[in-house]
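Structure data (mmCIF, C-alpha atoms and all ligand atoms) from work03.cif:
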```cif
data_query
loop_
_atom_site.label_atom_id
_atom_site.label_comp_id
_atom_site.auth_asym_id
_atom_site.auth_seq_id
_atom_site.Cartn_x
_atom_site.Cartn_y
_atom_site.Cartn_z
CA MET A 1 -1.03 -33.94 -4.30
CA LEU A 2 -1.94 -34.08 -7.99
CA ARG A 3 0.88 -36.57 -8.53
CA LEU A 4 -0.57 -39.02 -6.01
CA SER A 5 -2.44 -41.35 -8.33
CA ASN A 6 -5.20 -40.15 -10.65
CA ILE A 7 -8.53 -38.49 -9.80
CA ARG A 8 -10.56 -41.72 -10.15
CA VAL A 9 -8.32 -43.58 -7.70
CA ARG A 10 -8.19 -40.65 -5.27
CA ASN A 11 -12.00 -40.54 -5.16
CA VAL A 12 -12.50 -44.24 -4.51
CA ALA A 13 -9.49 -45.62 -2.65
CA THR A 14 -9.69 -45.89 1.13
CA VAL A 15 -6.90 -45.45 3.67
CA GLY A 16 -7.60 -48.90 5.14
CA GLY A 17 -7.39 -50.54 1.71
CA CYS A 18 -4.22 -48.67 0.86
CA LEU A 19 -2.52 -49.97 4.02
CA ALA A 20 -3.95 -53.50 3.97
CA HIS A 21 -2.92 -54.02 0.34
CA GLY A 22 0.76 -54.06 1.39
CA ASP A 23 1.91 -52.71 -1.97
CA PRO A 24 5.29 -51.02 -1.42
CA HIS A 25 4.58 -48.51 -4.21
CA MET A 26 1.76 -46.77 -2.33
CA ASP A 27 2.28 -43.13 -1.39
CA LEU A 28 0.56 -43.09 2.00
CA PRO A 29 2.54 -45.74 3.96
CA PRO A 30 5.90 -43.91 4.00
CA VAL A 31 4.15 -40.65 4.91
CA LEU A 32 2.20 -42.26 7.75
CA ILE A 33 5.31 -44.04 9.07
CA ALA A 34 7.23 -40.76 9.09
CA LEU A 35 4.38 -39.17 11.06
CA GLY A 36 4.40 -42.01 13.64
CA ALA A 37 0.85 -43.12 12.78
CA TYR A 38 -0.80 -46.30 13.99
CA VAL A 39 -3.96 -48.22 13.14
CA SER A 40 -6.70 -49.84 15.19
CA VAL A 41 -7.41 -53.32 13.93
CA ALA A 42 -10.66 -55.15 14.71
CA GLY A 43 -10.85 -58.95 14.67
CA SER A 44 -12.82 -61.79 16.21
CA GLN A 45 -10.43 -61.75 19.20
CA GLY A 46 -11.04 -58.03 19.82
CA GLU A 47 -9.11 -54.93 18.88
CA ARG A 48 -5.37 -54.27 18.72
CA LYS A 49 -3.23 -51.32 17.73
CA ILE A 50 -0.36 -51.61 15.25
CA ALA A 51 2.16 -48.92 14.38
CA VAL A 52 2.09 -48.43 10.60
CA GLU A 53 5.84 -49.04 10.56
CA SER A 54 5.16 -52.55 11.96
CA LEU A 55 2.26 -53.33 9.64
CA PHE A 56 4.22 -54.53 6.62
CA ALA A 57 5.78 -57.98 6.64
CA GLY A 58 7.17 -58.02 3.09
CA TYR A 59 6.29 -57.51 -0.57
CA PHE A 60 2.45 -57.23 -0.63
CA GLU A 61 2.37 -58.79 2.86
CA THR A 62 1.10 -57.40 6.13
CA VAL A 63 0.90 -58.73 9.67
CA LEU A 64 -2.92 -58.61 9.53
CA GLU A 65 -4.73 -61.87 10.17
CA LYS A 66 -7.30 -62.99 7.56
CA ASN A 67 -10.23 -62.00 9.80
CA GLU A 68 -8.88 -58.57 10.79
CA LEU A 69 -10.02 -55.19 9.48
CA ILE A 70 -8.30 -51.84 9.84
CA SER A 71 -10.98 -49.76 11.57
CA GLU A 72 -9.17 -46.52 12.46
CA LEU A 73 -6.07 -44.55 11.62
CA HIS A 74 -4.42 -42.43 14.30
CA ILE A 75 -1.93 -39.69 13.46
CA PRO A 76 -0.39 -38.12 16.57
CA ALA A 77 -0.15 -34.33 16.88
CA GLN A 78 3.07 -33.31 15.15
CA GLY A 79 3.90 -30.28 17.30
CA LYS A 80 6.60 -28.21 15.63
CA SER A 81 8.07 -31.02 13.59
CA CYS A 82 8.43 -30.56 9.84
CA ALA A 83 7.99 -33.17 7.17
CA ALA A 84 8.24 -33.77 3.44
CA TYR A 85 7.41 -36.52 0.96
CA MET A 86 9.07 -36.90 -2.41
CA LYS A 87 7.85 -39.28 -5.08
CA VAL A 88 10.34 -40.21 -7.78
CA THR A 89 8.88 -41.63 -10.98
CA THR A 90 10.85 -42.90 -13.95
CA GLY A 91 7.78 -43.07 -16.22
CA SER A 92 5.02 -40.45 -16.36
CA ALA A 93 4.69 -38.02 -13.44
CA GLU A 94 1.73 -39.81 -11.83
CA ASP A 95 3.09 -43.32 -12.46
CA TRP A 96 3.94 -45.73 -9.67
CA PRO A 97 7.12 -44.48 -8.04
CA ALA A 98 10.61 -45.95 -8.40
CA LEU A 99 11.20 -44.42 -4.97
CA GLY A 100 9.16 -42.74 -2.26
CA VAL A 101 10.95 -40.84 0.52
CA ALA A 102 9.22 -39.38 3.57
CA VAL A 103 11.06 -37.56 6.33
CA SER A 104 9.91 -35.97 9.57
CA LEU A 105 12.18 -33.93 11.83
CA THR A 106 12.12 -32.03 15.07
CA ARG A 107 14.69 -29.32 15.48
CA ASP A 108 16.52 -27.88 18.43
CA GLY A 109 17.82 -24.47 17.37
CA ALA A 110 20.42 -25.03 14.65
CA ALA A 111 20.46 -28.78 15.21
CA ILE A 112 18.16 -31.70 14.46
CA ARG A 113 16.81 -33.25 17.64
CA SER A 114 15.30 -36.37 16.07
CA ALA A 115 14.41 -37.64 12.63
CA ARG A 116 12.42 -40.31 10.87
CA VAL A 117 13.58 -41.30 7.41
CA VAL A 118 11.34 -43.69 5.46
CA VAL A 119 11.71 -45.17 1.99
CA SER A 120 9.25 -47.13 -0.13
CA ALA A 121 8.80 -48.46 -3.68
CA ALA A 122 12.55 -49.08 -4.14
CA THR A 123 12.34 -51.57 -1.30
CA GLU A 124 10.18 -54.66 -0.72
CA LYS A 125 8.14 -52.73 1.85
CA ALA A 126 7.96 -49.22 3.26
CA MET A 127 10.61 -48.99 5.97
CA ARG A 128 12.58 -46.64 8.21
CA LEU A 129 16.30 -46.24 7.66
CA GLY A 130 17.86 -46.28 11.13
CA ALA A 131 21.44 -45.46 10.08
CA ALA A 132 20.32 -42.28 8.32
CA GLU A 133 18.21 -41.31 11.33
CA GLN A 134 21.24 -41.78 13.61
CA VAL A 135 23.37 -39.53 11.43
CA LEU A 136 20.71 -36.82 11.73
CA ALA A 137 20.04 -37.00 15.48
CA GLY A 138 21.91 -34.12 17.12
CA ALA A 139 23.59 -33.01 13.87
CA GLU A 140 23.78 -29.42 12.68
CA ILE A 141 21.16 -28.49 10.08
CA GLY A 142 22.73 -28.01 6.66
CA GLU A 143 23.53 -29.53 3.30
CA ARG A 144 26.58 -31.37 4.68
CA THR A 145 24.41 -33.21 7.20
CA PHE A 146 21.73 -33.92 4.58
CA GLY A 147 24.42 -35.35 2.29
CA ARG A 148 25.83 -37.56 5.07
CA ALA A 149 22.32 -38.84 5.81
CA GLY A 150 21.83 -39.62 2.11
CA GLU A 151 25.12 -41.57 2.08
CA ALA A 152 24.08 -43.51 5.20
CA ALA A 153 20.67 -44.26 3.70
CA ALA A 154 22.21 -45.55 0.46
CA ALA A 155 24.67 -47.73 2.36
CA GLU A 156 21.89 -49.20 4.48
CA VAL A 157 19.02 -49.70 2.04
CA GLU A 158 18.29 -52.98 0.25
CA CYS A 159 16.69 -52.12 -3.08
CA ILE A 160 14.81 -54.34 -5.51
CA SER A 161 15.16 -54.28 -9.31
CA ASP A 162 12.04 -53.97 -11.46
CA VAL A 163 10.77 -52.20 -14.59
CA ARG A 164 11.24 -48.83 -12.86
CA GLY A 165 14.98 -49.30 -12.42
CA SER A 166 17.79 -51.56 -11.28
CA ALA A 167 18.70 -51.91 -7.61
CA PRO A 168 21.98 -49.92 -8.03
CA TYR A 169 20.05 -47.12 -9.79
CA LYS A 170 17.48 -46.98 -6.99
CA ARG A 171 20.25 -46.95 -4.37
CA GLU A 172 21.59 -43.83 -6.07
CA LEU A 173 18.07 -42.35 -6.06
CA VAL A 174 17.92 -43.00 -2.31
CA ARG A 175 21.26 -41.21 -1.77
CA VAL A 176 20.13 -38.14 -3.70
CA PHE A 177 16.47 -37.93 -2.65
CA VAL A 178 16.92 -38.51 1.08
CA ALA A 179 19.12 -35.40 1.10
CA ARG A 180 16.60 -33.47 -1.05
CA ALA A 181 13.64 -34.47 1.13
CA LEU A 182 15.51 -33.28 4.24
CA HIS A 183 16.27 -30.00 2.51
CA GLN A 184 12.63 -29.62 1.52
CA ALA A 185 11.32 -30.41 5.01
CA LEU A 186 13.61 -27.91 6.70
CA ASP A 187 13.20 -25.31 4.00
CA GLY A 188 9.50 -25.25 4.90
CA THR A 189 8.40 -25.56 1.30
CA GLY A 190 5.48 -27.91 1.97
CA ALA A 191 4.69 -31.52 2.68
CA THR A 192 4.31 -32.93 -0.80
CA HIS A 193 6.53 -32.54 -3.81
C1 LIG A 201 -4.78 -46.94 -11.96
C2 LIG A 201 -4.33 -46.91 -10.52
C3 LIG A 201 -3.37 -45.96 -10.15
C4 LIG A 201 -2.95 -45.90 -8.81
N1 LIG A 201 -2.02 -44.98 -8.46
C5 LIG A 201 -1.65 -44.89 -7.16
C6 LIG A 201 -0.72 -43.90 -6.72
O1 LIG A 201 -0.18 -43.12 -7.50
N2 LIG A 201 -0.40 -43.84 -5.41
C7 LIG A 201 -0.97 -44.69 -4.51
O2 LIG A 201 -0.66 -44.62 -3.32
N3 LIG A 201 -1.82 -45.65 -4.88
C8 LIG A 201 -2.18 -45.74 -6.17
N4 LIG A 201 -3.07 -46.70 -6.55
C9 LIG A 201 -3.50 -47.71 -5.59
C10 LIG A 201 -4.64 -47.26 -4.78
O3 LIG A 201 -4.16 -46.38 -3.78
C11 LIG A 201 -5.15 -48.53 -4.12
O4 LIG A 201 -5.77 -49.30 -5.13
C12 LIG A 201 -6.09 -48.21 -3.06
O5 LIG A 201 -5.48 -47.46 -2.04
C13 LIG A 201 -6.63 -49.45 -2.43
O6 LIG A 201 -7.67 -49.01 -1.60
P1 LIG A 201 -9.11 -49.59 -1.74
O7 LIG A 201 -9.92 -48.94 -0.69
O8 LIG A 201 -9.58 -49.51 -3.15
O9 LIG A 201 -8.81 -51.10 -1.34
P2 LIG A 201 -9.28 -52.40 -2.05
O10 LIG A 201 -8.65 -52.50 -3.41
O11 LIG A 201 -10.75 -52.52 -1.93
O12 LIG A 201 -8.59 -53.46 -1.08
C14 LIG A 201 -7.21 -53.74 -1.14
C15 LIG A 201 -6.95 -54.94 -0.22
O13 LIG A 201 -7.08 -54.54 1.12
C16 LIG A 201 -8.15 -55.24 1.75
N5 LIG A 201 -8.83 -54.23 2.57
C17 LIG A 201 -9.52 -53.16 2.13
N6 LIG A 201 -9.91 -52.39 3.17
C18 LIG A 201 -9.46 -53.02 4.29
C19 LIG A 201 -9.52 -52.71 5.68
N7 LIG A 201 -10.12 -51.60 6.14
N8 LIG A 201 -8.93 -53.56 6.56
C20 LIG A 201 -8.30 -54.68 6.10
N9 LIG A 201 -8.22 -55.03 4.81
C21 LIG A 201 -8.78 -54.19 3.91
C22 LIG A 201 -9.00 -55.83 0.65
O14 LIG A 201 -9.63 -57.02 1.07
C23 LIG A 201 -7.95 -56.10 -0.41
O15 LIG A 201 -7.23 -57.29 -0.14
C24 LIG A 201 -3.48 -46.81 -7.86
C25 LIG A 201 -4.44 -47.75 -8.26
C26 LIG A 201 -4.86 -47.82 -9.56
C27 LIG A 201 -5.88 -48.84 -9.95
#
```
Could you write out this structure as structure tokens?
Ligand SMILES: Cc1cc2nc3c(=O)[nH]c(=O)nc-3n(C[C@H](O)[C@H](O)[C@H](O)COP(=O)(O)OP(=O)(O)OC[C@H]3O[C@@H](n4cnc5c(N)ncnc54)[C@H](O)[C@@H]3O)c2cc1C
Amino acid sequence: MLRLSNIRVRNVATVGGCLAHGDPHMDLPPVLIALGAYVSVAGSQGERKIAVESLFAGYFETVLEKNELISELHIPAQGKSCAAYMKVTTGSAEDWPALGVAVSLTRDGAAIRSARVVVSAATEKAMRLGAAEQVLAGAEIGERTFGRAGEAAAAEVECISDVRGSAPYKRELVRVFVARALHQALDGTGATH
């Protein structure tokens, strides 16, 4: 938690502003996508609901109309699922991330029943990685599966280059940190690293 921005920002920033800004470096969007959250949006035509995973249209772009306001955030009950978020910075610890990875999993005994794998910051918007999720669905829990999911994520992801690292470097971060986030979620060591 202490690595998510600084105390001044944490005391002032709002959830609605964080989502509406459309900045891919934000910490909350990947977490909320992994948790299956959605927002209520109020506009002159009435209210509509948008899944957070469908909110972002591109780099600093959302699907919100100019006269729409995010009025509520809904996070469904998570049951027995487990989740983790890992923020990877290449500058100081609380800097904007080069990569954010959020995962949420439900298990079925020794296997994974379903998974959500979300990346941000390295990509133009926070997004799920479907190929990695497919590798995980029904697979046996263990480092081999986490590694395969990391490989699938790296093969699938389209990274952007910026001052925090080149696209090939960030692709390698995705490969390593998707596997680590899965390990952390299933190890039960907490939701934020
Ligand atoms: C020094 C610094 C460090 C930061 N570090 C981090 C960090 O480590 N991690 C992180 O996640 N973020 C970080 N942030 C970003 C911070 O989270 C955002 O600035 C903040 O979330 C934006 O929220 P706000 O309420 O201030 O929105 P505002 O800045 O007031 O608004 C942002 C945009 O959203 C629009 N908007 C605001 N509310 C709504 C709404 N309800 N519905 C529709 N549109 C709306 C505004 O019109 C504006 O276009 C940092 C910011 C600063 C300045």
Would you give the centre and edge lengths, in Å to one decimal, of a box along x, y and z around the listed atoms of ligand LIG 201 (chain A), with 4 Å added to each side, as JSON?
```
{"center_x": -5.5, "center_y": -50.2, "center_z": -2.7, "size_x": 18.6, "size_y": 22.2, "size_z": 26.5}
```
| message | Neighbouring residues of ligand LIG 201 (chain A) are defined here as those with any atom at most 6 Å from a ligand atom, counting all atoms listed in the file; list them as a PyMOL selection string. | response | chain A and resi 4-5+9+13-14+16-18+20-21+26-28+69-71+94-96
| query | What's the 8 Å shell around Ala102 (chain A), counting all atoms listed in the file, without same-chain residues fewer than 3 positions away, as a PyMOL selection string? | reply | chain A and resi 30-31+34+83-86+117-119+181
Selection file, C-alpha atoms, as an mmCIF file, in the frame of the given file:
```
data_model
loop_
_atom_site.group_PDB
_atom_site.id
_atom_site.type_symbol
_atom_site.label_atom_id
_atom_site.label_comp_id
_atom_site.auth_asym_id
_atom_site.auth_seq_id
_atom_site.Cartn_x
_atom_site.Cartn_y
_atom_site.Cartn_z
ATOM 1 C CA PRO A 30 5.900 -43.910 4.000
ATOM 2 C CA VAL A 31 4.150 -40.650 4.910
ATOM 3 C CA ALA A 34 7.230 -40.760 9.090
ATOM 4 C CA ALA A 83 7.990 -33.170 7.170
ATOM 5 C CA ALA A 84 8.240 -33.770 3.440
ATOM 6 C CA TYR A 85 7.410 -36.520 0.960
ATOM 7 C CA MET A 86 9.070 -36.900 -2.410
ATOM 8 C CA VAL A 117 13.580 -41.300 7.410
ATOM 9 C CA VAL A 118 11.340 -43.690 5.460
ATOM 10 C CA VAL A 119 11.710 -45.170 1.990
ATOM 11 C CA ALA A 181 13.640 -34.470 1.130
#
```
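Look at Val135 (chain A): the protein and nucleic acid residues within 10 Å of it, using all atoms listed in the file and passing over chain neighbours fewer than 2 places away, are Ile112, Ser114, Ala115, Gly130, Ala131, Ala132, Glu133, Ala137, Gly138, Ala139, Thr145, Phe146, Arg148, Ala149, Gly150, Glu151, Ala152 and Ala153 of chain A.
Using all atoms listed in the file, the shortest contact distance between Ala57 (chain A) and any of A:Val39, A:Gly22, A:Gln184, A:Val15 is found at A:Gly22.
Among A:Leu136, A:Ala93, A:Ala122, A:Val63, the residue with the shortest atom-to-atom distance to Asp108 (chain A), counting all atoms listed in the file, is A:Leu136.
Among A:Leu64, A:Val88, A:Ala185, A:Leu55, the residue with the shortest atom-to-atom distance to Ala42 (chain A), counting all atoms listed in the file, is A:Leu64.
Distance annotation: of A:Arg48, A:Arg8, A:His74, A:His183, the residue with the minimal separation from Arg144 (chain A) is A:His183; atom set is only C-alpha atoms.
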